[in-house]
Amino acid sequence: MTMDTDILIAGGGLNGSALALALAQAGFRCTIIDALPVDARKEADFDGRGYALALTSQRMLAALGVWDGLREHAQPILDIKVSDGRPGEGASPYFLHFDHNEIEEGPMGQMIEDRYLRRALLDHVAQSDSITHLAERSVTGQAVDAAGVTITLDSGDTLRGRVLVGSDGRQSGVALRSGIRRTGWQYEQASLVCAVEHEQPHQGCAHQLFLPSGPLAILPLPGNRSSIVWTESTVRAEAIQAMDDADYLACLRPAFGEFLGDIKLAGTRFMYPLGLSLAQSFVADRVALVGDAAHGIHPLAGQGLNLGLRDVAALAQVLADAARRGQDIGSPVALQPYQQWRRFDAASLAVATDGLNRLFSNDNPVLRGVRDLGLGAVNAVPSARRNLIRQAAGLTGELPRLMQGRAV
């Protein structure tokens, strides 16, 4: 039976677009089914959202030809400071400091605004002869047989390919229709996401401050601006999100502190409920999951997008290698290496972030003392500190070729 495409990708966000580019580089024909209109994804105004791209994610974007167009909009992350604290009291004197000079590879990562990254990926998708991008369409059905997979769109049209990839978020329809269940729970926390302008330069330093209600990340953007990911209890977060800008800032300032001078809001404010969600399998018959469709973790480590891009790089490599061996790329024997490669990594990070959140999101004086001593002790051991810096840069574990800066 004739295939309309090699690989069908449900979901046109960052991971779906990056996957299409990686697969096209490997010689596959791809079709992205994207529920949003292209114009909505290419909105040019700054809305406050940004991503901390690990060094290996930056290398991957460079290998895909995307990074050169992003370089001028990026802010290198030169230092990371991790500390305990309370609103209005500032950070504990015991802290963990990551300096990019302690590794040979350079900055640990780059901050990039959502608007630039999304637009760059879509522009490259549009330029590829191997990628078809169907905007304002969604997958409503899927059927698998021995030779391929057929999907039905909300328009009533059908498409056929060898593999279907679910890149359609935590409520993944692809996973649901494949019979893949999820494990997880809600945290009774929500993240307030915004950007601020401040009086003093940030010097490329990212701050992770653990407060009793949840972590506060202050991430450097170009200029005197920072991206904020501020975790509070769900009830308090909803109340703060409903405030006007002046009252919102009045709540943020005690947590943020005065080390960068006065702050004011820049862009739009968002709120996201938090939970842990892990697919019990990343693959099914002719199906693979990437990004939030496969896993959703707490944002305290800022690794959500990086974890998704690792999925993308690994899946592209597994499929490319299977094709080179002459295998059916949708067969269990071809897809199982992706499952073995990625699920353990994702589950390990999910458990680690869950444990850190539970350890730090409280004001227990005994736990506070243990935390402070632990941070100070690790900071005093160069080898331990260097290992954590390399983890933050994404340089540990088995790296897919794209994350080494090589072609698929």
# chains A, B, ... in the order shown; residues from 1 in each chain; ligands from 1
call {"tool": "residues_around", "arguments": {"residues": "A:Gln186", "least_positions_apart": "3", "cutoff": "12 Å", "atoms": "only C-alpha atoms", "output": "NGL selection string"}}
result
:A and (183 or 189-190 or 233-234 or 272-277 or 296-298 or 354)
call {"tool": "select_by_dssp", "arguments": {"residues": "stretch 103-230 of chain A", "states": "strand (DSSP E or B)", "output": "MDAnalysis selection string"}}
result
chainID A and resid 109:113 131:135 139:144 149:153 158:161 163:166 182:198 205:211 214:221 225:230
call {"tool": "residues_around", "arguments": {"residues": "stretch 267-271 of chain A", "least_positions_apart": "4", "cutoff": "10 Å", "atoms": "only C-alpha atoms", "output": "list in words"}}
result
Asp45, Phe46, Asp47, Gly48, Arg49, Ala190, Ser191, Leu192, Val193, Cys194, Ala195, Val196, Glu197, Ile228, Val229, Trp230, Thr231, Thr234, Ala237, Glu238, Ile240, Gln241, Asp245 and Tyr248 of chain A
call {"tool": "write_last_selection", "arguments": {"atoms": "N, CA, C and O atoms", "output": "compact mmCIF listing (two decimals), in the first residue's frame"}}
result
# COMPACT_ATOMS: atom_id res chain seq x y z
N ASP A 45 5.44 39.18 19.31
CA ASP A 45 5.54 39.96 20.54
C ASP A 45 6.11 39.12 21.67
O ASP A 45 5.85 37.91 21.77
N PHE A 46 6.86 39.76 22.55
CA PHE A 46 7.43 39.07 23.71
C PHE A 46 6.31 38.79 24.71
O PHE A 46 5.58 39.68 25.10
N ASP A 47 6.18 37.52 25.11
CA ASP A 47 5.11 37.18 26.05
C ASP A 47 5.64 36.71 27.40
O ASP A 47 4.87 36.25 28.25
N GLY A 48 6.94 36.83 27.63
CA GLY A 48 7.50 36.49 28.94
C GLY A 48 8.07 35.10 29.06
O GLY A 48 8.78 34.81 30.01
N ARG A 49 7.78 34.22 28.10
CA ARG A 49 8.24 32.84 28.21
C ARG A 49 9.64 32.67 27.63
O ARG A 49 9.95 33.21 26.57
N ALA A 190 1.39 25.28 41.67
CA ALA A 190 1.30 25.83 40.32
C ALA A 190 2.47 26.77 40.11
O ALA A 190 2.96 27.40 41.07
N SER A 191 2.94 26.87 38.87
CA SER A 191 4.02 27.79 38.54
C SER A 191 3.46 29.06 37.94
O SER A 191 2.65 29.02 37.00
N LEU A 192 3.87 30.17 38.48
CA LEU A 192 3.58 31.48 37.92
C LEU A 192 4.78 31.86 37.05
O LEU A 192 5.91 31.90 37.53
N VAL A 193 4.53 32.09 35.79
CA VAL A 193 5.60 32.35 34.82
C VAL A 193 5.43 33.75 34.26
O VAL A 193 4.34 34.13 33.80
N CYS A 194 6.51 34.52 34.29
CA CYS A 194 6.48 35.88 33.75
C CYS A 194 7.92 36.30 33.45
O CYS A 194 8.86 35.51 33.61
N ALA A 195 8.10 37.52 33.01
CA ALA A 195 9.43 38.10 32.86
C ALA A 195 9.43 39.46 33.53
O ALA A 195 8.39 40.13 33.63
N VAL A 196 10.59 39.86 34.02
CA VAL A 196 10.73 41.16 34.67
C VAL A 196 11.91 41.91 34.09
O VAL A 196 12.89 41.32 33.64
N GLU A 197 11.81 43.22 34.12
CA GLU A 197 12.96 44.10 33.88
C GLU A 197 13.49 44.54 35.24
O GLU A 197 12.71 44.76 36.18
N ILE A 228 11.00 34.44 34.97
CA ILE A 228 10.67 33.98 36.32
C ILE A 228 9.78 32.74 36.24
O ILE A 228 8.78 32.72 35.51
N VAL A 229 10.16 31.71 36.98
CA VAL A 229 9.30 30.54 37.18
C VAL A 229 9.14 30.42 38.70
O VAL A 229 10.05 30.00 39.41
N TRP A 230 7.96 30.78 39.19
CA TRP A 230 7.71 31.00 40.61
C TRP A 230 6.64 30.01 41.07
O TRP A 230 5.49 30.09 40.63
N THR A 231 7.01 29.07 41.91
CA THR A 231 6.10 28.02 42.34
C THR A 231 5.47 28.36 43.68
O THR A 231 6.18 28.69 44.64
N THR A 234 -1.26 25.83 44.85
CA THR A 234 -2.24 26.12 43.80
C THR A 234 -3.21 27.22 44.23
O THR A 234 -3.52 28.14 43.44
N ALA A 237 -1.34 30.54 44.22
CA ALA A 237 -0.98 30.91 42.84
C ALA A 237 -2.19 31.45 42.10
O ALA A 237 -2.09 32.45 41.37
N GLU A 238 -3.34 30.81 42.27
CA GLU A 238 -4.56 31.29 41.60
C GLU A 238 -4.93 32.68 42.09
O GLU A 238 -5.35 33.54 41.30
N ILE A 240 -2.83 34.97 43.32
CA ILE A 240 -1.84 35.93 42.82
C ILE A 240 -2.07 36.21 41.33
O ILE A 240 -2.00 37.36 40.88
N GLN A 241 -2.34 35.16 40.56
CA GLN A 241 -2.56 35.32 39.12
C GLN A 241 -3.76 36.22 38.84
O GLN A 241 -3.78 36.94 37.84
N ASP A 245 -1.33 43.96 38.05
CA ASP A 245 0.13 43.90 37.99
C ASP A 245 0.81 44.45 39.24
O ASP A 245 1.82 43.90 39.70
N TYR A 248 0.49 41.93 42.02
CA TYR A 248 1.29 40.77 41.64
C TYR A 248 2.77 41.04 41.98
O TYR A 248 3.44 40.20 42.61
call {"tool": "residues_around", "arguments": {"residues": "A:Val408", "least_positions_apart": "2", "cutoff": "8 Å", "atoms": "only C-alpha atoms", "output": "JSON, numbers by chain"}}
result
{"A": [22, 23, 25, 26, 313, 316, 317, 320, 401, 402, 406]}
call {"tool": "write_last_selection", "arguments": {"atoms": "C-alpha atoms", "output": "PDB file, in the first residue's frame"}}
result
ATOM      1  CA  ALA A  22      15.932  15.723  12.545  1.00  0.00           C
ATOM      2  CA  LEU A  23      14.075  13.034  10.583  1.00  0.00           C
ATOM      3  CA  GLN A  25      18.017  15.308   7.853  1.00  0.00           C
ATOM      4  CA  ALA A  26      18.083  11.501   8.046  1.00  0.00           C
ATOM      5  CA  ALA A 313      17.471  13.206  19.108  1.00  0.00           C
ATOM      6  CA  ALA A 316      15.626  10.196  15.143  1.00  0.00           C
ATOM      7  CA  GLN A 317      18.859   8.236  15.629  1.00  0.00           C
ATOM      8  CA  ALA A 320      17.748   6.320  11.076  1.00  0.00           C
ATOM      9  CA  ARG A 401      24.680  12.037  17.850  1.00  0.00           C
ATOM     10  CA  LEU A 402      22.675  15.251  17.379  1.00  0.00           C
ATOM     11  CA  ARG A 406      26.839  15.579  14.699  1.00  0.00           C
TER      12      ARG A 406
END
call {"tool": "residues_around", "arguments": {"residues": "stretch 160-167 of chain A", "least_positions_apart": "4", "cutoff": "6 Å", "atoms": "only C-alpha atoms", "output": "list in words"}}
result
Met3, Asp4, Thr5, Asp6, Ile7, Leu8, Ile9, Ala10, Gly11, Gly16, Gly148, Val149, Thr150, Val174, Arg286, Val287, Ala288, Leu289, Val290, Ala293 and Gly330 of chain A
call {"tool": "residues_around", "arguments": {"residues": "A:Asp328", "least_positions_apart": "3", "cutoff": "10 Å", "atoms": "only C-alpha atoms", "output": "MDAnalysis selection string"}}
result
chainID A and resid 147:148 162:163 286 319 322:323 325 331:335
call {"tool": "write_last_selection", "arguments": {"atoms": "C-alpha atoms", "output": "short mmCIF file (atom, residue, chain, number, x, y, z; two decimals), in the first residue's frame"}}
result
data_model
loop_
_atom_site.label_atom_id
_atom_site.label_comp_id
_atom_site.auth_asym_id
_atom_site.auth_seq_id
_atom_site.Cartn_x
_atom_site.Cartn_y
_atom_site.Cartn_z
CA ALA A 147 2.47 -2.61 7.10
CA GLY A 148 1.79 0.82 8.57
CA ARG A 162 5.11 3.77 8.75
CA VAL A 163 5.32 5.31 12.24
CA ARG A 286 4.14 1.60 15.19
CA LEU A 319 14.85 5.27 13.31
CA ALA A 322 16.97 0.96 11.73
CA ALA A 323 16.51 2.23 8.17
CA ARG A 325 19.99 -1.78 8.61
CA SER A 331 8.45 -2.81 13.97
CA PRO A 332 8.88 -3.61 17.67
CA VAL A 333 12.51 -4.60 17.12
CA ALA A 334 13.23 -1.19 15.57
CA LEU A 335 11.38 0.89 18.21
#
call {"tool": "residues_around", "arguments": {"residues": "A:Gly50", "least_positions_apart": "2", "cutoff": "6 Å", "atoms": "only C-alpha atoms", "output": "NGL selection string"}}
result
:A and (112-114)
call {"tool": "closest_residue", "arguments": {"among": "A:Leu278, A:Ala377, A:Ala314, A:Ala135", "to": "A:Leu349", "atoms": "only C-alpha atoms"}}
result
A:Leu278
call {"tool": "closest_atom_pairs", "arguments": {"of": "stretch 84-189 of chain A", "to": "stretch 386-391 of chain A", "cutoff": "12 Å", "atoms": "only C-alpha atoms", "output": "JSON lines"}}
result
{"residue": "A:Leu96", "atom": "CA", "partner": "A:Leu388", "partner_atom": "CA", "distance": 10.1}
{"residue": "A:His97", "atom": "CA", "partner": "A:Ile389", "partner_atom": "CA", "distance": 9.3}
{"residue": "A:Phe98", "atom": "CA", "partner": "A:Ile389", "partner_atom": "CA", "distance": 6.0}
{"residue": "A:Asp99", "atom": "CA", "partner": "A:Ile389", "partner_atom": "CA", "distance": 7.7}
{"residue": "A:His100", "atom": "CA", "partner": "A:Ile389", "partner_atom": "CA", "distance": 7.6}
{"residue": "A:Asn101", "atom": "CA", "partner": "A:Arg386", "partner_atom": "CA", "distance": 9.9}
{"residue": "A:Glu102", "atom": "CA", "partner": "A:Arg386", "partner_atom": "CA", "distance": 6.5}
{"residue": "A:Ile103", "atom": "CA", "partner": "A:Arg386", "partner_atom": "CA", "distance": 7.1}
{"residue": "A:Glu104", "atom": "CA", "partner": "A:Arg390", "partner_atom": "CA", "distance": 10.0}
{"residue": "A:Glu105", "atom": "CA", "partner": "A:Arg390", "partner_atom": "CA", "distance": 9.4}
{"residue": "A:Gly106", "atom": "CA", "partner": "A:Arg390", "partner_atom": "CA", "distance": 10.7}
{"residue": "A:Pro107", "atom": "CA", "partner": "A:Ile389", "partner_atom": "CA", "distance": 10.1}
{"residue": "A:Met108", "atom": "CA", "partner": "A:Ile389", "partner_atom": "CA", "distance": 7.3}
{"residue": "A:Gly109", "atom": "CA", "partner": "A:Ile389", "partner_atom": "CA", "distance": 10.4}
call {"tool": "write_last_selection", "arguments": {"atoms": "all heavy atoms", "output": "short mmCIF file (atom, residue, chain, number, x, y, z; two decimals), in the first residue's frame"}}
result
data_model
loop_
_atom_site.label_atom_id
_atom_site.label_comp_id
_atom_site.auth_asym_id
_atom_site.auth_seq_id
_atom_site.Cartn_x
_atom_site.Cartn_y
_atom_site.Cartn_z
N LEU A 96 25.02 26.63 46.66
CA LEU A 96 25.76 25.87 45.66
C LEU A 96 25.99 26.77 44.46
O LEU A 96 25.03 27.37 43.94
CB LEU A 96 24.94 24.63 45.27
CG LEU A 96 25.57 23.57 44.37
CD1 LEU A 96 26.87 23.05 44.98
CD2 LEU A 96 24.58 22.42 44.17
N HIS A 97 27.23 26.91 44.02
CA HIS A 97 27.57 27.81 42.92
C HIS A 97 28.20 27.02 41.77
O HIS A 97 29.22 26.36 41.96
CB HIS A 97 28.54 28.89 43.41
CG HIS A 97 28.96 29.84 42.33
ND1 HIS A 97 30.17 30.51 42.35
CD2 HIS A 97 28.34 30.23 41.18
CE1 HIS A 97 30.27 31.27 41.27
NE2 HIS A 97 29.17 31.11 40.55
N PHE A 98 27.55 27.08 40.60
CA PHE A 98 28.09 26.47 39.39
C PHE A 98 28.68 27.57 38.52
O PHE A 98 27.98 28.51 38.13
CB PHE A 98 27.00 25.75 38.60
CG PHE A 98 26.32 24.63 39.32
CD1 PHE A 98 25.05 24.23 38.97
CD2 PHE A 98 26.96 23.96 40.35
CE1 PHE A 98 24.42 23.19 39.62
CE2 PHE A 98 26.35 22.90 41.00
CZ PHE A 98 25.07 22.52 40.64
N ASP A 99 29.96 27.46 38.20
CA ASP A 99 30.66 28.43 37.36
C ASP A 99 31.04 27.73 36.05
O ASP A 99 31.70 26.68 36.07
CB ASP A 99 31.91 28.93 38.09
CG ASP A 99 32.66 29.99 37.30
OD1 ASP A 99 32.45 30.12 36.08
OD2 ASP A 99 33.49 30.68 37.92
N HIS A 100 30.66 28.31 34.92
CA HIS A 100 30.92 27.65 33.64
C HIS A 100 32.41 27.50 33.36
O HIS A 100 32.81 26.66 32.54
CB HIS A 100 30.26 28.44 32.49
CG HIS A 100 31.01 29.67 32.09
ND1 HIS A 100 31.03 30.82 32.85
CD2 HIS A 100 31.78 29.94 30.99
CE1 HIS A 100 31.76 31.73 32.24
NE2 HIS A 100 32.23 31.23 31.13
N ASN A 101 33.24 28.26 34.03
CA ASN A 101 34.68 28.13 33.81
C ASN A 101 35.25 26.82 34.34
O ASN A 101 36.39 26.48 34.05
CB ASN A 101 35.41 29.31 34.48
CG ASN A 101 35.17 30.62 33.75
OD1 ASN A 101 35.33 30.69 32.54
ND2 ASN A 101 34.79 31.65 34.49
N GLU A 102 34.45 26.08 35.12
CA GLU A 102 34.93 24.81 35.68
C GLU A 102 34.82 23.66 34.70
O GLU A 102 35.28 22.56 34.98
CB GLU A 102 34.17 24.50 36.97
CG GLU A 102 34.46 25.47 38.10
CD GLU A 102 33.89 24.98 39.43
OE1 GLU A 102 34.22 23.85 39.83
OE2 GLU A 102 33.13 25.73 40.05
N ILE A 103 34.20 23.90 33.54
CA ILE A 103 34.19 22.87 32.50
C ILE A 103 34.80 23.47 31.24
O ILE A 103 34.80 24.69 31.05
CB ILE A 103 32.77 22.33 32.21
CG1 ILE A 103 31.82 23.45 31.75
CG2 ILE A 103 32.21 21.63 33.44
CD1 ILE A 103 30.46 22.95 31.31
N GLU A 104 35.31 22.60 30.38
CA GLU A 104 36.05 23.06 29.21
C GLU A 104 35.13 23.51 28.07
O GLU A 104 35.56 24.24 27.18
CB GLU A 104 36.96 21.94 28.69
CG GLU A 104 38.04 21.49 29.66
CD GLU A 104 37.53 20.58 30.76
OE1 GLU A 104 36.40 20.08 30.64
OE2 GLU A 104 38.28 20.39 31.75
N GLU A 105 33.88 23.08 28.10
CA GLU A 105 33.01 23.27 26.94
C GLU A 105 32.41 24.67 26.82
O GLU A 105 31.80 25.00 25.81
CB GLU A 105 31.87 22.23 26.97
CG GLU A 105 32.32 20.80 26.71
CD GLU A 105 32.83 20.10 27.96
OE1 GLU A 105 32.93 20.76 29.03
OE2 GLU A 105 33.14 18.90 27.88
N GLY A 106 32.54 25.50 27.86
CA GLY A 106 32.00 26.86 27.77
C GLY A 106 30.72 27.00 28.57
O GLY A 106 30.47 26.23 29.51
N PRO A 107 29.86 27.98 28.23
CA PRO A 107 28.62 28.20 28.97
C PRO A 107 27.80 26.92 29.10
O PRO A 107 27.72 26.11 28.18
CB PRO A 107 27.89 29.26 28.14
CG PRO A 107 28.99 30.01 27.45
CD PRO A 107 30.04 28.98 27.16
N MET A 108 27.17 26.75 30.27
CA MET A 108 26.39 25.54 30.54
C MET A 108 25.14 25.46 29.68
O MET A 108 24.58 24.38 29.47
CB MET A 108 26.00 25.51 32.02
CG MET A 108 27.17 25.33 32.95
SD MET A 108 26.74 25.63 34.68
CE MET A 108 26.87 27.43 34.76
N GLY A 109 24.68 26.60 29.22
CA GLY A 109 23.48 26.63 28.41
C GLY A 109 23.19 28.03 27.92
O GLY A 109 23.99 28.95 28.11
#
call {"tool": "closest_atom_pairs", "arguments": {"of": "stretch 107-221 of chain A", "to": "stretch 252-262 of chain A", "cutoff": "12 Å", "atoms": "only C-alpha atoms", "output": "JSON lines"}}
result
{"residue": "A:Leu192", "atom": "CA", "partner": "A:Leu252", "partner_atom": "CA", "distance": 10.0}
{"residue": "A:Val193", "atom": "CA", "partner": "A:Leu252", "partner_atom": "CA", "distance": 11.2}
{"residue": "A:Cys194", "atom": "CA", "partner": "A:Leu252", "partner_atom": "CA", "distance": 10.6}
{"residue": "A:Ala195", "atom": "CA", "partner": "A:Leu252", "partner_atom": "CA", "distance": 11.4}
{"residue": "A:Val196", "atom": "CA", "partner": "A:Asp262", "partner_atom": "CA", "distance": 9.7}
{"residue": "A:Glu197", "atom": "CA", "partner": "A:Asp262", "partner_atom": "CA", "distance": 8.3}
{"residue": "A:His198", "atom": "CA", "partner": "A:Asp262", "partner_atom": "CA", "distance": 5.7}
{"residue": "A:Glu199", "atom": "CA", "partner": "A:Gly261", "partner_atom": "CA", "distance": 5.0}
{"residue": "A:Gln200", "atom": "CA", "partner": "A:Leu260", "partner_atom": "CA", "distance": 4.7}
{"residue": "A:Pro201", "atom": "CA", "partner": "A:Leu260", "partner_atom": "CA", "distance": 6.9}
{"residue": "A:His202", "atom": "CA", "partner": "A:Leu260", "partner_atom": "CA", "distance": 6.9}
{"residue": "A:Gln203", "atom": "CA", "partner": "A:Leu260", "partner_atom": "CA", "distance": 10.3}
{"residue": "A:Cys205", "atom": "CA", "partner": "A:Leu260", "partner_atom": "CA", "distance": 11.2}
{"residue": "A:His207", "atom": "CA", "partner": "A:Phe256", "partner_atom": "CA", "distance": 9.9}
{"residue": "A:Gln208", "atom": "CA", "partner": "A:Phe256", "partner_atom": "CA", "distance": 10.6}
{"residue": "A:Leu209", "atom": "CA", "partner": "A:Ala255", "partner_atom": "CA", "distance": 8.7}
{"residue": "A:Phe210", "atom": "CA", "partner": "A:Ala255", "partner_atom": "CA", "distance": 9.9}
{"residue": "A:Leu211", "atom": "CA", "partner": "A:Ala255", "partner_atom": "CA", "distance": 7.9}
{"residue": "A:Pro212", "atom": "CA", "partner": "A:Ala255", "partner_atom": "CA", "distance": 10.6}
{"residue": "A:Ser213", "atom": "CA", "partner": "A:Ala255", "partner_atom": "CA", "distance": 10.5}
{"residue": "A:Gly214", "atom": "CA", "partner": "A:Ala255", "partner_atom": "CA", "distance": 10.7}
{"residue": "A:Pro215", "atom": "CA", "partner": "A:Ala255", "partner_atom": "CA", "distance": 9.9}
{"residue": "A:Leu216", "atom": "CA", "partner": "A:Ala255", "partner_atom": "CA", "distance": 7.7}
{"residue": "A:Ala217", "atom": "CA", "partner": "A:Phe256", "partner_atom": "CA", "distance": 9.2}
{"residue": "A:Ile218", "atom": "CA", "partner": "A:Phe256", "partner_atom": "CA", "distance": 8.1}
{"residue": "A:Leu219", "atom": "CA", "partner": "A:Phe256", "partner_atom": "CA", "distance": 11.7}
{"residue": "A:Pro220", "atom": "CA", "partner": "A:Leu260", "partner_atom": "CA", "distance": 11.3}
call {"tool": "select_by_dssp", "arguments": {"residues": "stretch 185-298 of chain A", "states": "helix (DSSP H, G or I)", "output": "list in words"}}
result
Thr234, Val235, Arg236, Ala237, Glu238, Ala239, Ile240, Gln241, Asp245, Ala246, Asp247, Tyr248, Leu249, Ala250, Cys251, Leu252, Arg253, Pro254, Ala255, Phe256, Gly291, Asp292 and Ala293 of chain A
